[in-house]
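Read through the structure below, which is laid out as structure tokens, and then see the notes.
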2 protein chains.
Amino acid sequence: MSAKSTALARSAVNETLAARVLAGDVRAASRLMRDVDDGRESAVPELQVLFPHTGKARVIGLTGSPGAGKSSIGDRLIHAYRRTGKSVGVVAVDPSSPFSGGAILGDRVRMQQHAEDPDVFIRSLATRGNLGGLSRAAADCVRVMDAMGKDIILVETVGVGQDEVDIAGLAHTVVLVVVPGMGDDVQAIKAGILEIADVFCINKADRDGVDRTDRELRSMLELRRAVSTGEAHRATWEPPIARTVALDGRGMDDLVEAIESHARFLAQTGQREDRDVLRARTEFLAILRDRLLASALQRLERQRGKLDEIASRIARREADPWSLVAALAR
Amino acid sequence: MSAKSTALARSAVNETLAARVLAGDVRAASRLMRDVDDGRESAVPELQVLFPHTGKARVIGLTGSPGAGKSSIGDRLIHAYRRTGKSVGVVAVDPSSPFSGGAILGDRVRMQQHAEDPDVFIRSLATRGNLGGLSRAAADCVRVMDAMGKDIILVETVGVGQDEVDIAGLAHTVVLVVVPGMGDDVQAIKAGILEIADVFCINKADRDGVDRTDRELRSMLELRRAVSTGEAHRATWEPPIARTVALDGRGMDDLVEAIESHARFLAQTGQREDRDVLRARTEFLAILRDRLLASALQRLERQRGKLDEIASRIARREADPWSLVAALAR
């Protein structure tokens, strides 16, 4: 077989993968998401084929402090949406290493009860390495599930750090899960994500301190309103605060209604389209940045040992990194 | 005054800022770090002037779960190093918005007792926005403190997410602070940072569950050893586990000795230089990536409305982001 016909054969297989996803093949979707998680270039042409078939799913971000019960809430939300006949995808983002297998599995096991349901698809991501790799992979997995025809896609993240804020930014509706009485440190963590939360959920609401947490959230929201700059012409959304006990399901109806009312708000005000444009812009810039860096690295790699030499010169303070970049990026 | 002489005057002022930092002017250093935190381009020439004067400080990363007591540990470490006559800088990274002022101040207040000590310099960073902006700003603040002549620089981060892992990667010695009995979720979070931790600190060690946490850490470390790939020729470091009660200072001597023994290990094995080269490489690539993106954006902005148009076309699914990037990055 000539090199050319091999390439053609491979291209045919690739087309088949995306085509199989569009035909509802769950194994093809799993395979593509694994490629995405591994950062394989081969995933890009597949995603390009899927692209025109995306944009239909409603994406719900589920974020919050460690131990807040995001997975249990997610589990309850799956049940709630399945009851209304909607198909559900879950992208769970674990900013953790392969070592953490045990702990991660613990969370995932809770969701295994949905394993028999063909209309529920759950995928964990462990991408690490390059900055931004995680949020890019999460965005692409959402896209694959969107193309599969999932009506609702839950994106579950730990909710700390810029990566997590970016991932939450994938969602049409961001739900921030907190628990009563977690102390000052947690207050600080919440703040980064506070600005983009559309719905608050106080989970484990049978615990002491729930009223205090409620008051704290309300005063933070007031602060956010006071700080927010203008855009007076836009309809503004007042984030509701739902109280839940995910373990026994109490309050879940209120939470679902809060999420649904935000969805109606977005649809009625045209802000869903605004969010889609903003997301497209952010993603375009991220892809552009990665592509530019990849090209520059290829040029560097053609000169064997060049990058090592640069790093050593910087470490020895013989040259500063900005000058070397300027020389290279001219 | 002509445009040219204005530029010259400004350049003279800029030179003065870096020169003042080198002369030990604390206000100039504060000003430069604020510029860094704000992402101002004007900081770059200043950092270039400082660059040859850096590389002397020892950088200690302090990371861990929310509520683990990082600030209290940091406070104790400042005291310990000051007693040995070393000057100390602290870069505290808050992945939080301006809204969180209250909570952040709470932490910072604890450190105000050092405000009277001219050999202690504390700076909080709140940089958000661009991916990677936080770790870049942290690296540059470490550099400013290094140029100021600080012997020890503590970098305090929340320790969750890729940004935080990158920030911890700035350090010669990474200390991971955990507390007994924080449940599975925290186990998962720790994992990302576990790989790069050099010293473990179980804080609040007067609580129940300290032995169990100790055992869990040891088994994670065994797993890490089992997974770690080769490099058999290199001397390997066995991370010690110190138990502390930061509130009353118990165990702090052990923690300091653990940190110091790691510093001796790095010096004796030549691995401190290896870390510096690796750090230089990572930072060079980050600066290169930002520079390339900035240039591409400038080209886009010259065509008014071009980026908005691109985002809208993507959101409407008229074109996919990869094709548009390929057309632009050719």
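Letters A, B, ... mark the chains of the structure tokens in the order given; residue numbers begin at 1 per chain; ligand numbers begin at 1, in order shown.
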
May I have the residues within 12 Å of Ala329 (chain B) as number ranges by chain, using only C-alpha atoms and disregarding those fewer than 2 positions away in the same chain?
-> A: 284-285, 287-296; B: 292-293, 295-297, 299-300, 321-327

Using only N, CA, C and O atoms, please write the residues we just selected to a file, as a tab-separated table (two decimals), in the first residue's frame.
chain	number	residue	atom	x	y	z
A	284	PHE	N	-11.95	30.52	20.51
A	284	PHE	CA	-11.15	30.85	19.33
A	284	PHE	C	-9.76	31.34	19.75
A	284	PHE	O	-8.75	30.90	19.21
A	285	LEU	N	-9.74	32.23	20.73
A	285	LEU	CA	-8.44	32.77	21.18
A	285	LEU	C	-7.57	31.68	21.79
A	285	LEU	O	-6.36	31.66	21.58
A	287	ILE	N	-7.59	28.45	21.05
A	287	ILE	CA	-7.08	27.60	19.96
A	287	ILE	C	-5.98	28.34	19.19
A	287	ILE	O	-4.95	27.76	18.85
A	288	LEU	N	-6.21	29.63	18.95
A	288	LEU	CA	-5.21	30.43	18.25
A	288	LEU	C	-3.88	30.43	19.00
A	288	LEU	O	-2.81	30.21	18.43
A	289	ARG	N	-3.97	30.65	20.31
A	289	ARG	CA	-2.76	30.70	21.13
A	289	ARG	C	-2.00	29.37	21.09
A	289	ARG	O	-0.78	29.33	20.89
A	290	ASP	N	-2.74	28.27	21.23
A	290	ASP	CA	-2.09	26.96	21.20
A	290	ASP	C	-1.44	26.70	19.85
A	290	ASP	O	-0.33	26.16	19.77
A	291	ARG	N	-2.15	27.09	18.78
A	291	ARG	CA	-1.65	26.84	17.45
A	291	ARG	C	-0.36	27.64	17.20
A	291	ARG	O	0.62	27.13	16.64
A	292	LEU	N	-0.36	28.90	17.63
A	292	LEU	CA	0.81	29.75	17.45
A	292	LEU	C	2.00	29.19	18.22
A	292	LEU	O	3.13	29.14	17.72
A	293	LEU	N	1.75	28.75	19.45
A	293	LEU	CA	2.85	28.19	20.26
A	293	LEU	C	3.37	26.90	19.63
A	293	LEU	O	4.58	26.69	19.54
A	294	ALA	N	2.44	26.07	19.15
A	294	ALA	CA	2.86	24.81	18.54
A	294	ALA	C	3.75	25.07	17.32
A	294	ALA	O	4.77	24.40	17.13
A	295	SER	N	3.37	26.06	16.52
A	295	SER	CA	4.19	26.37	15.34
A	295	SER	C	5.58	26.86	15.77
A	295	SER	O	6.59	26.45	15.20
A	296	ALA	N	5.62	27.73	16.77
A	296	ALA	CA	6.90	28.26	17.23
A	296	ALA	C	7.78	27.13	17.79
A	296	ALA	O	8.99	27.09	17.55
B	292	LEU	N	3.18	35.69	21.28
B	292	LEU	CA	2.64	35.31	19.97
B	292	LEU	C	1.16	35.65	19.89
B	292	LEU	O	0.68	36.18	18.88
B	293	LEU	N	0.42	35.37	20.97
B	293	LEU	CA	-1.01	35.67	20.98
B	293	LEU	C	-1.23	37.18	20.89
B	293	LEU	O	-2.09	37.65	20.15
B	295	SER	N	0.64	39.43	19.54
B	295	SER	CA	0.91	39.89	18.18
B	295	SER	C	-0.26	39.57	17.26
B	295	SER	O	-0.69	40.41	16.46
B	296	ALA	N	-0.78	38.35	17.39
B	296	ALA	CA	-1.89	37.95	16.54
B	296	ALA	C	-3.12	38.81	16.82
B	296	ALA	O	-3.84	39.20	15.90
B	297	LEU	N	-3.35	39.12	18.10
B	297	LEU	CA	-4.50	39.96	18.46
B	297	LEU	C	-4.35	41.36	17.89
B	297	LEU	O	-5.32	41.96	17.43
B	299	ARG	N	-2.81	42.15	15.19
B	299	ARG	CA	-3.14	42.07	13.77
B	299	ARG	C	-4.65	42.05	13.56
B	299	ARG	O	-5.19	42.71	12.68
B	300	LEU	N	-5.35	41.28	14.44
B	300	LEU	CA	-6.81	41.20	14.34
B	300	LEU	C	-7.47	42.54	14.61
B	300	LEU	O	-8.42	42.93	13.94
B	321	PRO	N	-13.93	26.95	14.76
B	321	PRO	CA	-12.79	27.75	15.23
B	321	PRO	C	-11.43	27.27	14.70
B	321	PRO	O	-10.55	28.08	14.46
B	322	TRP	N	-11.29	25.96	14.45
B	322	TRP	CA	-9.99	25.45	13.99
B	322	TRP	C	-9.68	25.95	12.59
B	322	TRP	O	-8.55	26.32	12.30
B	323	SER	N	-10.69	25.95	11.72
B	323	SER	CA	-10.47	26.44	10.35
B	323	SER	C	-10.11	27.92	10.36
B	323	SER	O	-9.21	28.36	9.63
B	324	LEU	N	-10.80	28.69	11.21
B	324	LEU	CA	-10.53	30.12	11.26
B	324	LEU	C	-9.12	30.39	11.80
B	324	LEU	O	-8.43	31.28	11.31
B	325	VAL	N	-8.71	29.61	12.79
B	325	VAL	CA	-7.35	29.75	13.33
B	325	VAL	C	-6.33	29.39	12.25
B	325	VAL	O	-5.35	30.10	12.05
B	326	ALA	N	-6.59	28.29	11.53
B	326	ALA	CA	-5.65	27.85	10.50
B	326	ALA	C	-5.50	28.94	9.44
B	326	ALA	O	-4.38	29.22	8.97
B	327	ALA	N	-6.61	29.60	9.08
B	327	ALA	CA	-6.55	30.65	8.07
B	327	ALA	C	-5.73	31.84	8.56
B	327	ALA	O	-5.02	32.49	7.80

Can you pull out every residue within 8 Å of Ala18 (chain B), counting only C-alpha atoms, but drop anything in the same chain fewer than 5 positions away, and send it as a short mmCIF file (atom, residue, chain, number, x, y, z; two decimals) with all heavy atoms, in the first residue's frame?
data_model
loop_
_atom_site.label_atom_id
_atom_site.label_comp_id
_atom_site.auth_asym_id
_atom_site.auth_seq_id
_atom_site.Cartn_x
_atom_site.Cartn_y
_atom_site.Cartn_z
N ALA B 28 9.16 51.26 45.71
CA ALA B 28 9.36 50.98 44.29
C ALA B 28 9.02 49.51 43.99
O ALA B 28 8.41 49.19 42.96
CB ALA B 28 10.80 51.28 43.89
N ALA B 29 9.41 48.63 44.91
CA ALA B 29 9.11 47.21 44.73
C ALA B 29 7.60 46.96 44.73
O ALA B 29 7.08 46.22 43.90
CB ALA B 29 9.79 46.38 45.82
N GLU B 46 11.43 46.76 33.28
CA GLU B 46 11.91 46.79 34.67
C GLU B 46 12.42 45.41 35.07
O GLU B 46 13.50 45.27 35.67
CB GLU B 46 10.78 47.19 35.62
CG GLU B 46 10.05 48.47 35.29
CD GLU B 46 10.86 49.70 35.66
OE1 GLU B 46 11.94 49.55 36.26
OE2 GLU B 46 10.40 50.82 35.34
N LEU B 47 11.63 44.39 34.74
CA LEU B 47 12.00 43.02 35.11
C LEU B 47 13.29 42.62 34.38
O LEU B 47 14.11 41.88 34.92
CB LEU B 47 10.86 42.06 34.77
CG LEU B 47 9.59 42.23 35.61
CD1 LEU B 47 8.42 41.46 35.00
CD2 LEU B 47 9.82 41.79 37.06
N VAL B 49 15.74 44.61 33.67
CA VAL B 49 16.87 45.22 34.40
C VAL B 49 17.17 44.41 35.67
O VAL B 49 18.34 44.21 36.03
CB VAL B 49 16.54 46.69 34.77
CG1 VAL B 49 17.61 47.28 35.67
CG2 VAL B 49 16.37 47.53 33.52
N LEU B 50 16.11 43.93 36.32
CA LEU B 50 16.31 43.18 37.57
C LEU B 50 16.90 41.79 37.32
O LEU B 50 17.57 41.22 38.18
CB LEU B 50 14.98 43.03 38.32
CG LEU B 50 14.30 44.31 38.82
CD1 LEU B 50 13.04 43.95 39.60
CD2 LEU B 50 15.25 45.12 39.71
#

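Nearest residue to chain B, choosing from A:Asp151, A:Asp117, A:Asp198, A:Asp140 and counting only C-alpha atoms: A:Asp140.
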
Which residue out of A:Arg34, A:Arg250, A:Arg281, A:Arg272 has the minimum interatomic distance to Leu125 (chain A) when only C-alpha atoms are used?
->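 When distances to Leu125 (chain A) are compared using only C-alpha atoms, the smallest one comes from A:Arg34.
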
CA of Lys86 (chain B) to CA of Val120 (chain B), distance in Å rounded to a single decimal |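 If I compute the distance from CA of Lys86 (chain B) to CA of Val120 (chain B), I get 9.3 Å.
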
Nearest residue to chain A from the set B:Ile196, B:Ala242, B:Cys201, B:Ala171 (distances using only C-alpha atoms) =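 Looking at the shortest contact to chain A, the residue is B:Ile196.
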
Can you list, as a ChimeraX atom specification, every protein, DNA or RNA residue that comes within 12 Å of Met33 (chain A) when you count only C-alpha atoms, leaving out same-chain residues fewer than 6 positions away?
-> /A:17-18,21,26-27,39-40,42-44,46-47,91,121-127,136-145,148

List the neighbours of Ile78 (chain A) out to 10 Å using only C-alpha atoms; skip same-chain residues closer than 6 positions along the sequence, and give me the result as a list in words.
-> Ser72, Lys86, Ser87, Val88, Gly89, Val90, Met111, His114, Val120, Ile152, Ile153 and Leu154 of chain A

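Reported to one decimal place, the separation of CA of Thr269 (chain A) from CA of Ala235 (chain A) is 6.9 Å.
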
Counting only C-alpha atoms, what is within 7 Å of Val174 (chain A), bar same-chain residues fewer than 2 positions away, as a PDB file with N, CA, C and O atoms, in the first residue's frame?
ATOM      1  N   ILE A  60     -25.024  22.854  31.857  1.00  0.00           N
ATOM      2  CA  ILE A  60     -25.160  23.304  33.248  1.00  0.00           C
ATOM      3  C   ILE A  60     -23.848  23.030  33.973  1.00  0.00           C
ATOM      4  O   ILE A  60     -23.391  21.893  34.031  1.00  0.00           O
ATOM      5  N   GLY A  61     -23.224  24.065  34.482  1.00  0.00           N
ATOM      6  CA  GLY A  61     -21.984  23.914  35.239  1.00  0.00           C
ATOM      7  C   GLY A  61     -22.309  23.660  36.704  1.00  0.00           C
ATOM      8  O   GLY A  61     -23.205  24.275  37.270  1.00  0.00           O
ATOM      9  N   LEU A  62     -21.569  22.724  37.294  1.00  0.00           N
ATOM     10  CA  LEU A  62     -21.813  22.360  38.690  1.00  0.00           C
ATOM     11  C   LEU A  62     -20.468  22.481  39.377  1.00  0.00           C
ATOM     12  O   LEU A  62     -19.541  21.711  39.095  1.00  0.00           O
ATOM     13  N   ALA A 168     -16.309  26.453  34.124  1.00  0.00           N
ATOM     14  CA  ALA A 168     -17.660  26.860  34.484  1.00  0.00           C
ATOM     15  C   ALA A 168     -18.216  27.809  33.424  1.00  0.00           C
ATOM     16  O   ALA A 168     -19.415  27.816  33.145  1.00  0.00           O
ATOM     17  N   ALA A 171     -20.656  26.884  30.598  1.00  0.00           N
ATOM     18  CA  ALA A 171     -22.053  26.564  30.861  1.00  0.00           C
ATOM     19  C   ALA A 171     -22.982  27.727  30.545  1.00  0.00           C
ATOM     20  O   ALA A 171     -22.593  28.888  30.622  1.00  0.00           O
ATOM     21  N   HIS A 172     -24.214  27.380  30.212  1.00  0.00           N
ATOM     22  CA  HIS A 172     -25.255  28.400  30.106  1.00  0.00           C
ATOM     23  C   HIS A 172     -25.718  28.815  31.495  1.00  0.00           C
ATOM     24  O   HIS A 172     -26.048  29.967  31.732  1.00  0.00           O
ATOM     25  N   LEU A 176     -23.416  27.015  41.796  1.00  0.00           N
ATOM     26  CA  LEU A 176     -22.353  26.945  42.799  1.00  0.00           C
ATOM     27  C   LEU A 176     -22.895  26.243  44.043  1.00  0.00           C
ATOM     28  O   LEU A 176     -23.862  26.704  44.645  1.00  0.00           O
ATOM     29  N   ILE A 196     -19.560  34.441  38.435  1.00  0.00           N
ATOM     30  CA  ILE A 196     -20.198  33.805  37.288  1.00  0.00           C
ATOM     31  C   ILE A 196     -21.292  32.826  37.704  1.00  0.00           C
ATOM     32  O   ILE A 196     -21.867  32.158  36.858  1.00  0.00           O
ATOM     33  N   ALA A 197     -21.593  32.737  39.012  1.00  0.00           N
ATOM     34  CA  ALA A 197     -22.636  31.806  39.456  1.00  0.00           C
ATOM     35  C   ALA A 197     -24.013  32.383  39.148  1.00  0.00           C
ATOM     36  O   ALA A 197     -24.274  33.555  39.402  1.00  0.00           O
ATOM     37  N   ASP A 198     -24.890  31.537  38.594  1.00  0.00           N
ATOM     38  CA  ASP A 198     -26.253  31.960  38.281  1.00  0.00           C
ATOM     39  C   ASP A 198     -27.255  31.445  39.302  1.00  0.00           C
ATOM     40  O   ASP A 198     -28.319  32.022  39.480  1.00  0.00           O
ATOM     41  N   VAL A 199     -26.906  30.319  39.915  1.00  0.00           N
ATOM     42  CA  VAL A 199     -27.778  29.707  40.911  1.00  0.00           C
ATOM     43  C   VAL A 199     -26.906  29.244  42.071  1.00  0.00           C
ATOM     44  O   VAL A 199     -25.845  28.650  41.848  1.00  0.00           O
TER      45      VAL A 199
END

Which one of B:Gly149, B:Gly209, B:Gly24, B:Pro52 sits closest to chain A if you count only C-alpha atoms?
->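 Among the listed residues, the smallest separation from chain A belongs to B:Pro52.
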
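In terms of minimum interatomic distance to His53 (chain A), B:Arg316 ranks closest within B:Leu307, B:Arg316, B:Asp214, B:Ile167, counting only C-alpha atoms.
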
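In this structure, CA of Ile73 (chain A) sits 14.0 Å away from CA of Glu257 (chain A).
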
Please identify which residues in region 149-322 of chain A DSSP calls strand (DSSP E or B) from the backbone, and express them as a ChimeraX atom specification.
-> /A:152-157,173-178,199-202,241-243,245,250

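If only C-alpha atoms are the atoms counted, then among A:Asp320, A:Glu156, A:Phe265, A:Thr63 the closest residue to chain B is A:Asp320.
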
Assign secondary structure with DSSP using the backbone only, and return the residues of region 216-309 of chain A in alpha helix (DSSP H) as a PyMOL selection string.
-> chain A and resi 216-227+252-269+271-302+306-309
